[in-house]
Each structure stands twice: as C-alpha cells, then as structure tokens.
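J.: Below is the structure I would like to discuss, written out as structure tokens.
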Amino acid sequence: MIKYKSAEQIELMRESAQLVSKTLGMLAPLVVPGAIPLELDKKAEEFIRDHGGEPGFLGMYGFPNSLCMSPNAHVVHGIPGKSPLLEGDIISVDCGVFMNGYYGDHAYTFPIGGVDAATAQLLEDTKASLYAGIREVRLGNRIGDIGAAIQEYTESRGYGVVRELVGHGLGQKMHEEPQVPNYGKRGRGKKIQEGLVIAIEPMINLGTQRIKQLDDGWTILTADGKNSAHFEHDVAVVNGAPEILSTFQYIYDALGMEPAEYENL
Ligand code: MG
Ligand code: MG
C-alpha cells in the first residue's frame with residue numbers, strides 16, 4: 001500500500017533529504033585522487049550525527065556503513081574500502097539519513113579528477129535522465145511514465161538501463177511502495193497522486209544492462225566491466241507537480257558548478 005504524505009510530513013521529509021544533500025556537499029571537495037572511501041564514510045557518519053540525524057544505511061539489512069560507495073563498474077551497494085581513489089575513476093556516493101521519523105536517500109556520481117569523454121558523457125546523460133523522469137511525476141501520469149522517460153532518454157543514447165534495481169517510495173521506511181523502475185511503458189502502473197514521495201534513481205551503464213553481484217553479498221557491478229553511473233533525488237507530488245526535496249546545490253557550491261538547464265523543472 002502506498003503511504004501518501006501530508007504537507008507536514010513532506011516538510012519533515014525535506015529536512016531529512018536536505019541533510020543528505022548537505023552531507024554530499026561536504027564530501028564533494030574530498031572526493032579526489034588519493035582519498036580513502038572508508039575515511040569519507042566515517043566523515044559522513046560524523047556529519048550526519050552532528051546535524052541531528054542518524055545514518056540511514058548503517059545496519060539496514062545488515063549493511064556495514066553509512067555510505068554506499070560504488071566506483072567505476074560498480075553500480076550500487078558498494079562497501080567503502082581502504083583503496084585510494086584514482087585519477088580518472090568515477091564513484092557513486094549514495095547516502096541515507098533518518099531524522100524526525102523519516103528517511104532521506106539520494107546519490108551523486110563524482111568524477112575523480114579528469115575522466116575519459118565517454119564516461120563524462122555517461123555522468124551527464126544519467127543526471128539528465130533523472131530529471132526527465134522527475135518531470136513525469138505529476139497528476140494525470142502513472143508510475144510507468146517515469147521509467148519510460150528515463151529509458152527513452154538513455155537507451156536512445158546507447159546505454160544499458162539496469163532492470164533488477166529500482167527506485168522506491170520513501171517515508172518512515174527507506175523502501176516503501178511503489179517500486180519505481182527506470183524502464184517501463186507509458187500509461188502503465190499506479191496513478192500518481194498528491195502526497196506521493198518517491199526516490200528516483202537511474203542506474204545507467206556505458207555498455208550492457210546486465211549486472212552481477214560480488215561475493216561480498218552487496219556490491220552490484222556491470223557484467224561487462226564498463227562504467228556505471230547513479231543519480232538519485234527524493235521527489236514529492238505537491239499541488240499536482242513534482243517538487244524535489246533533495247538538492248545537488250551543495251555539491252555545485254562546493255565544486256564551483258552551475259546547475260544544468262534541464263534541472264529547471
Ligand atoms: Mg540511495
Ligand atoms: Mg534509493
């Protein structure tokens with residue numbers, strides 16, 4: 001059953017989402033060659049607790065850390081390790097917060113220094129596909145419209161769309177109904193209603209859509225070893241239209257970037 005949120009609940013969820021955004025912004029200048037993922041994970045945990053939240057991922061389903069950090073061909077659910085980041089790598093940083101009874105959950109894929117042109121384009125196109133999906137989150141549409149938009153945007157550019165892992169409803173639980181696939185058919189699935197809050201999170205591969213799992217029981221990686229990108233926002237339906245509760249602005253401020261045109265809904 002989908003748990004639609006009141007305006008008051010959405011305000012609380014915005015605070016949880018914004019603490020994730022601030023955590024990613026704090027990390028952004030530290031995601032550089034030589035950085036140790038496990039040390040960044042500890043910094044994130046400290047930052048979240050200092051700001052009145054609890055790490056949302058730590059201990060969830062037995063996950064050992066506060067961040068999922070997934071470099072290069074790792075798609076999602078990577079465990080922060082002790083190997084330093086290298087120039088030319090990319091890394092998806094997915095962060096969860098639990099605060100005031102509600103979860104925030106969002107992610108950004110960072111380039112480590114300069115990356116090759118195809119990978120830079122993958123990052124840009126995956127982020128743009130997230131916004132293409134968000135634009136569909138309005139009254140009159142259905143859940144399938146979100147995935148269809150993401151799939152159309154990315155497959156037309158030759159990328160692989162991961163099927164096995166999907167976005168989700170968000171609230172007092174990290175994973176609520178409905179599932180929000182990154183592929184689908186227009187006009188299919190549940191109707192989008194006022195108060196829906198979902199995490200939309202395209203996982204897009206440079207090559208094949210197929211994935212496999214490491215024997216750590218967590219890490220998902222591409223079957224062909226090519227790079228994968230992952231961007232995630234928390235989105236509410238307010239007055240019939242999408243409202244993004246999380247923001248990349250703290251990351252942009254930290255890195256001296258401007259939002260892209262497509263980020264204006
Ligand atoms: Mg996430
Ligand atoms: Mg999520």
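Residues in the structure tokens are named by chain (A, B, ... in the order shown) and by number from 1 within that chain; ligands are numbered from 1 in the order shown.
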Could you pull out the strand (DSSP E) residues of range 94-247 of chain A from DSSP and send them as a VMD selection string?
T.: chain A and resid 94 to 99 102 to 111 160 to 161 167 to 169 176 to 180 197 to 200 203 to 205 211 to 213 220 to 222 228 to 230 233 to 238 241 to 244
J.: Could you pull out the residues in range 82-235 of chain A that DSSP calls alpha helix (DSSP H) from the backbone, as number ranges by chain?
T.: A: 117-134, 143-155
J.: Just want the 8 Å neighbourhood of range 24-27 of chain A, counted on only C-alpha atoms, with same-chain residues fewer than 3 positions away dropped. Output as a list in words.
T.: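 Residues near the query, excluding close chain neighbours: Val20, Ser21, Leu30, Val31, Leu40, Ala44, Val93, Cys95, Ala107, Tyr108, Phe248, Gln249, Tyr250, Ile251, Tyr252, Asp253 and Ala254 of chain A.
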J.: Applying 8 Å and only C-alpha atoms, which residues near range 65-74 of chain A remain after dropping the ones on its own chain fewer than 6 positions away? List them as a list in words.
T.: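 Final neighbour list, sorted by chain and number: Pro37, Asp41, Lys42, Ala44, Glu45, Pro55, Gly56, Phe57, Leu58, Gly59, Pro80, Asp89, Ile90, Ile91, Ser92, Val93, Asp94, Cys95, Gly96, Thr219, Ile220, Leu221, Thr222, Gly225, Lys226, Asn227, Ser228 and Ala229 of chain A.
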J.: Could I get the residue neighbourhood of ligand 2 at 9 Å, counting only C-alpha atoms and all ligand atoms, as a ChimeraX atom specification?
T.: /A:94-96,104-107,166-170,174-175,198-201,232-234
J.: Go ahead and save the residues from that selection, with all heavy atoms, as a short mmCIF file (atom, residue, chain, number, x, y, z; two decimals), in the first residue's frame.
T.:
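This is the output file part-v3.cif:
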```cif
data_model
loop_
_atom_site.label_atom_id
_atom_site.label_comp_id
_atom_site.auth_asym_id
_atom_site.auth_seq_id
_atom_site.Cartn_x
_atom_site.Cartn_y
_atom_site.Cartn_z
N ASP A 94 26.09 7.12 -2.44
CA ASP A 94 24.67 7.05 -2.09
C ASP A 94 24.59 7.17 -0.57
O ASP A 94 25.31 6.48 0.15
CB ASP A 94 24.10 5.71 -2.58
CG ASP A 94 22.58 5.66 -2.57
OD1 ASP A 94 21.94 6.59 -2.04
OD2 ASP A 94 22.04 4.66 -3.09
N CYS A 95 23.72 8.08 -0.10
CA CYS A 95 23.69 8.38 1.34
C CYS A 95 22.24 8.38 1.84
O CYS A 95 21.34 8.87 1.16
CB CYS A 95 24.33 9.74 1.57
SG CYS A 95 24.38 10.26 3.30
N GLY A 96 22.06 7.82 3.02
CA GLY A 96 20.74 7.82 3.64
C GLY A 96 20.79 8.46 5.01
O GLY A 96 21.81 8.37 5.71
N GLY A 104 15.71 10.20 4.31
CA GLY A 104 16.16 10.84 3.08
C GLY A 104 17.14 9.89 2.43
O GLY A 104 17.82 9.14 3.12
N ASP A 105 17.22 9.91 1.11
CA ASP A 105 18.02 8.91 0.38
C ASP A 105 18.37 9.49 -0.98
O ASP A 105 17.50 9.55 -1.85
CB ASP A 105 17.17 7.64 0.23
CG ASP A 105 17.80 6.59 -0.67
OD1 ASP A 105 19.03 6.59 -0.83
OD2 ASP A 105 17.02 5.78 -1.23
N HIS A 106 19.63 10.00 -1.13
CA HIS A 106 19.96 10.37 -2.51
C HIS A 106 21.43 10.24 -2.82
O HIS A 106 22.24 9.96 -1.94
CB HIS A 106 19.30 11.68 -2.93
CG HIS A 106 19.96 12.97 -2.62
ND1 HIS A 106 20.37 13.82 -3.62
CD2 HIS A 106 20.22 13.57 -1.46
CE1 HIS A 106 20.86 14.92 -3.07
NE2 HIS A 106 20.77 14.79 -1.77
N ALA A 107 21.74 10.33 -4.10
CA ALA A 107 23.04 9.88 -4.59
C ALA A 107 23.53 10.76 -5.74
O ALA A 107 22.74 11.36 -6.47
CB ALA A 107 22.92 8.44 -5.08
N VAL A 166 15.69 -0.76 -8.58
CA VAL A 166 14.70 0.25 -8.95
C VAL A 166 14.59 1.32 -7.87
O VAL A 166 15.05 1.13 -6.74
CB VAL A 166 13.31 -0.41 -9.15
CG1 VAL A 166 13.33 -1.41 -10.30
CG2 VAL A 166 12.82 -1.09 -7.87
N GLY A 167 13.98 2.45 -8.21
CA GLY A 167 13.63 3.46 -7.22
C GLY A 167 12.44 2.97 -6.40
O GLY A 167 11.91 1.88 -6.64
N HIS A 168 11.99 3.84 -5.47
CA HIS A 168 11.05 3.33 -4.46
C HIS A 168 10.34 4.47 -3.75
O HIS A 168 10.83 5.60 -3.70
CB HIS A 168 11.84 2.52 -3.43
CG HIS A 168 13.07 3.23 -2.91
ND1 HIS A 168 13.04 4.01 -1.78
CD2 HIS A 168 14.32 3.33 -3.40
CE1 HIS A 168 14.25 4.52 -1.60
NE2 HIS A 168 15.05 4.14 -2.57
N GLY A 169 9.21 4.12 -3.15
CA GLY A 169 8.57 5.03 -2.22
C GLY A 169 9.47 5.24 -1.01
O GLY A 169 10.32 4.40 -0.69
N LEU A 170 9.28 6.40 -0.35
CA LEU A 170 10.17 6.78 0.75
C LEU A 170 9.29 7.39 1.85
O LEU A 170 8.31 8.06 1.57
CB LEU A 170 11.16 7.82 0.22
CG LEU A 170 12.30 8.29 1.10
CD1 LEU A 170 13.33 7.17 1.26
CD2 LEU A 170 12.99 9.51 0.47
N MET A 174 12.71 3.23 4.62
CA MET A 174 13.58 3.60 3.49
C MET A 174 12.99 3.11 2.17
O MET A 174 13.08 3.80 1.15
CB MET A 174 14.96 2.97 3.72
CG MET A 174 15.93 3.13 2.57
SD MET A 174 16.58 4.79 2.44
CE MET A 174 17.84 4.74 3.72
N HIS A 175 12.42 1.93 2.20
CA HIS A 175 11.85 1.38 0.97
C HIS A 175 10.36 1.11 1.18
O HIS A 175 10.00 0.18 1.89
CB HIS A 175 12.58 0.09 0.56
CG HIS A 175 14.03 0.33 0.25
ND1 HIS A 175 15.07 -0.21 0.97
CD2 HIS A 175 14.61 1.10 -0.70
CE1 HIS A 175 16.22 0.20 0.46
NE2 HIS A 175 15.97 1.00 -0.55
N ILE A 198 8.68 9.72 -3.60
CA ILE A 198 9.47 8.61 -4.16
C ILE A 198 10.92 9.02 -4.33
O ILE A 198 11.24 10.20 -4.49
CB ILE A 198 8.92 8.13 -5.52
CG1 ILE A 198 8.72 9.31 -6.49
CG2 ILE A 198 7.60 7.39 -5.34
CD1 ILE A 198 8.26 8.89 -7.89
N ALA A 199 11.78 8.02 -4.28
CA ALA A 199 13.18 8.20 -4.65
C ALA A 199 13.32 7.67 -6.07
O ALA A 199 12.99 6.51 -6.34
CB ALA A 199 14.09 7.43 -3.71
N ILE A 200 13.77 8.54 -6.98
CA ILE A 200 14.00 8.14 -8.37
C ILE A 200 15.50 8.02 -8.55
O ILE A 200 16.25 8.94 -8.17
CB ILE A 200 13.42 9.18 -9.35
CG1 ILE A 200 11.93 9.40 -9.05
CG2 ILE A 200 13.62 8.74 -10.80
CD1 ILE A 200 11.28 10.44 -9.95
N GLU A 201 15.97 6.89 -9.08
CA GLU A 201 17.41 6.66 -9.09
C GLU A 201 17.88 5.83 -10.28
O GLU A 201 18.16 4.64 -10.13
CB GLU A 201 17.87 6.02 -7.77
CG GLU A 201 17.07 4.83 -7.29
CD GLU A 201 17.63 4.29 -5.97
OE1 GLU A 201 18.85 4.20 -5.83
OE2 GLU A 201 16.84 3.96 -5.08
N GLU A 232 20.36 10.11 -7.79
CA GLU A 232 19.08 9.87 -7.10
C GLU A 232 18.59 11.15 -6.43
O GLU A 232 19.38 11.86 -5.79
CB GLU A 232 19.28 8.78 -6.03
CG GLU A 232 18.01 8.46 -5.23
CD GLU A 232 18.23 7.32 -4.23
OE1 GLU A 232 19.39 7.08 -3.84
OE2 GLU A 232 17.24 6.69 -3.84
N HIS A 233 17.30 11.43 -6.58
CA HIS A 233 16.63 12.52 -5.87
C HIS A 233 15.39 11.98 -5.16
O HIS A 233 14.79 10.99 -5.60
CB HIS A 233 16.18 13.61 -6.85
CG HIS A 233 17.15 14.73 -7.03
ND1 HIS A 233 17.87 15.30 -5.99
CD2 HIS A 233 17.50 15.44 -8.15
CE1 HIS A 233 18.62 16.30 -6.47
NE2 HIS A 233 18.42 16.39 -7.77
N ASP A 234 14.97 12.71 -4.11
CA ASP A 234 13.71 12.45 -3.42
C ASP A 234 12.69 13.47 -3.93
O ASP A 234 12.94 14.68 -3.88
CB ASP A 234 13.87 12.59 -1.91
CG ASP A 234 14.93 11.63 -1.37
OD1 ASP A 234 15.21 10.62 -2.03
OD2 ASP A 234 15.51 11.92 -0.30
#
```
J.: Just the residues within 10 Å of Pro202 in chain A, please, counting only C-alpha atoms, with nothing from its chain fewer than 6 positions along; format it as a list in words.
T.: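 Near Pro202 in chain A, the qualifying residues are Thr126, Lys127, Ala128, Ser129, Leu130, Tyr131, Gly133, Gly147, Ile150, Gln151, Thr154, Val161, Val162, Arg163, Leu165, Val166, Gly167, Val180, Pro181, Asn182, Tyr183, Ala229, His230, Phe231, Glu232 and His233 of chain A.
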J.: Find, counting only C-alpha atoms, the residue in A:Gly53, A:Pro64, A:Pro84, A:Gly171 that gets nearest to Pro33 in chain A.
T.: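 Residue with the minimum atom-to-atom distance to Pro33 in chain A: A:Pro84.
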J.: CA of Glu164 in chain A and CA of Asp216 in chain A, how far apart in Å?
T.: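 These atoms are spaced 17.9 Å apart.
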J.: Rank A:Thr119, A:Ser246, A:Gln9, A:Asn239 by their smallest atom-to-atom distance to ligand 1, using only C-alpha atoms and all ligand atoms, and report the top residue only.
T.: A:Ser246
J.: I need the residue nearest ligand 1 from this list: A:Tyr153, A:Arg138, A:Tyr262, A:Ala17. Use only C-alpha atoms and all ligand atoms for the distance.
T.: A:Ala17
J.: Just how far from CA of Arg14 in chain A is CA of Gly62 in chain A, in Å to one decimal?
T.: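 Between CA of Gly62 in chain A and CA of Arg14 in chain A the gap is 26.0 Å.
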J.: Env of Glu87 in chain A: 12 Å cut, atoms = only C-alpha atoms, seq-sep filter 6 positions within chain, self excluded. Answer as an MDAnalysis selection string.
T.: chainID A and resid 31:35 71:72 110:116
J.: Please produce a file of those selected residues containing C-alpha atoms, as a short mmCIF file (atom, residue, chain, number, x, y, z; two decimals), in the first residue's frame.
T.:
```cif
data_model
loop_
_atom_site.label_atom_id
_atom_site.label_comp_id
_atom_site.auth_asym_id
_atom_site.auth_seq_id
_atom_site.Cartn_x
_atom_site.Cartn_y
_atom_site.Cartn_z
CA VAL A 31 36.28 13.03 -3.45
CA VAL A 32 39.70 13.43 -5.07
CA PRO A 33 42.64 11.22 -6.10
CA GLY A 34 44.15 9.60 -3.00
CA ALA A 35 41.00 9.83 -0.87
CA PRO A 71 33.45 3.07 -8.14
CA ASN A 72 33.64 2.60 -11.92
CA PHE A 110 31.50 12.08 -8.90
CA PRO A 111 34.36 12.09 -11.40
CA ILE A 112 37.77 11.76 -9.70
CA GLY A 113 39.84 14.41 -11.47
CA GLY A 114 39.63 14.14 -15.25
CA VAL A 115 37.70 11.20 -16.74
CA ASP A 116 37.50 9.97 -20.34
#
```
J.: Mind giving me the straight-line distance from CA of Ile146 in chain A to atom 1 (Mg, counted along the ligand's line) of ligand 1 in Å, one decimal?
T.: 17.1 Å
J.: Pick the closest to ligand 1 from A:Ser156, A:Ser83, A:Gln172, A:Thr109: which is it, counting only C-alpha atoms and all ligand atoms?
T.: A:Thr109
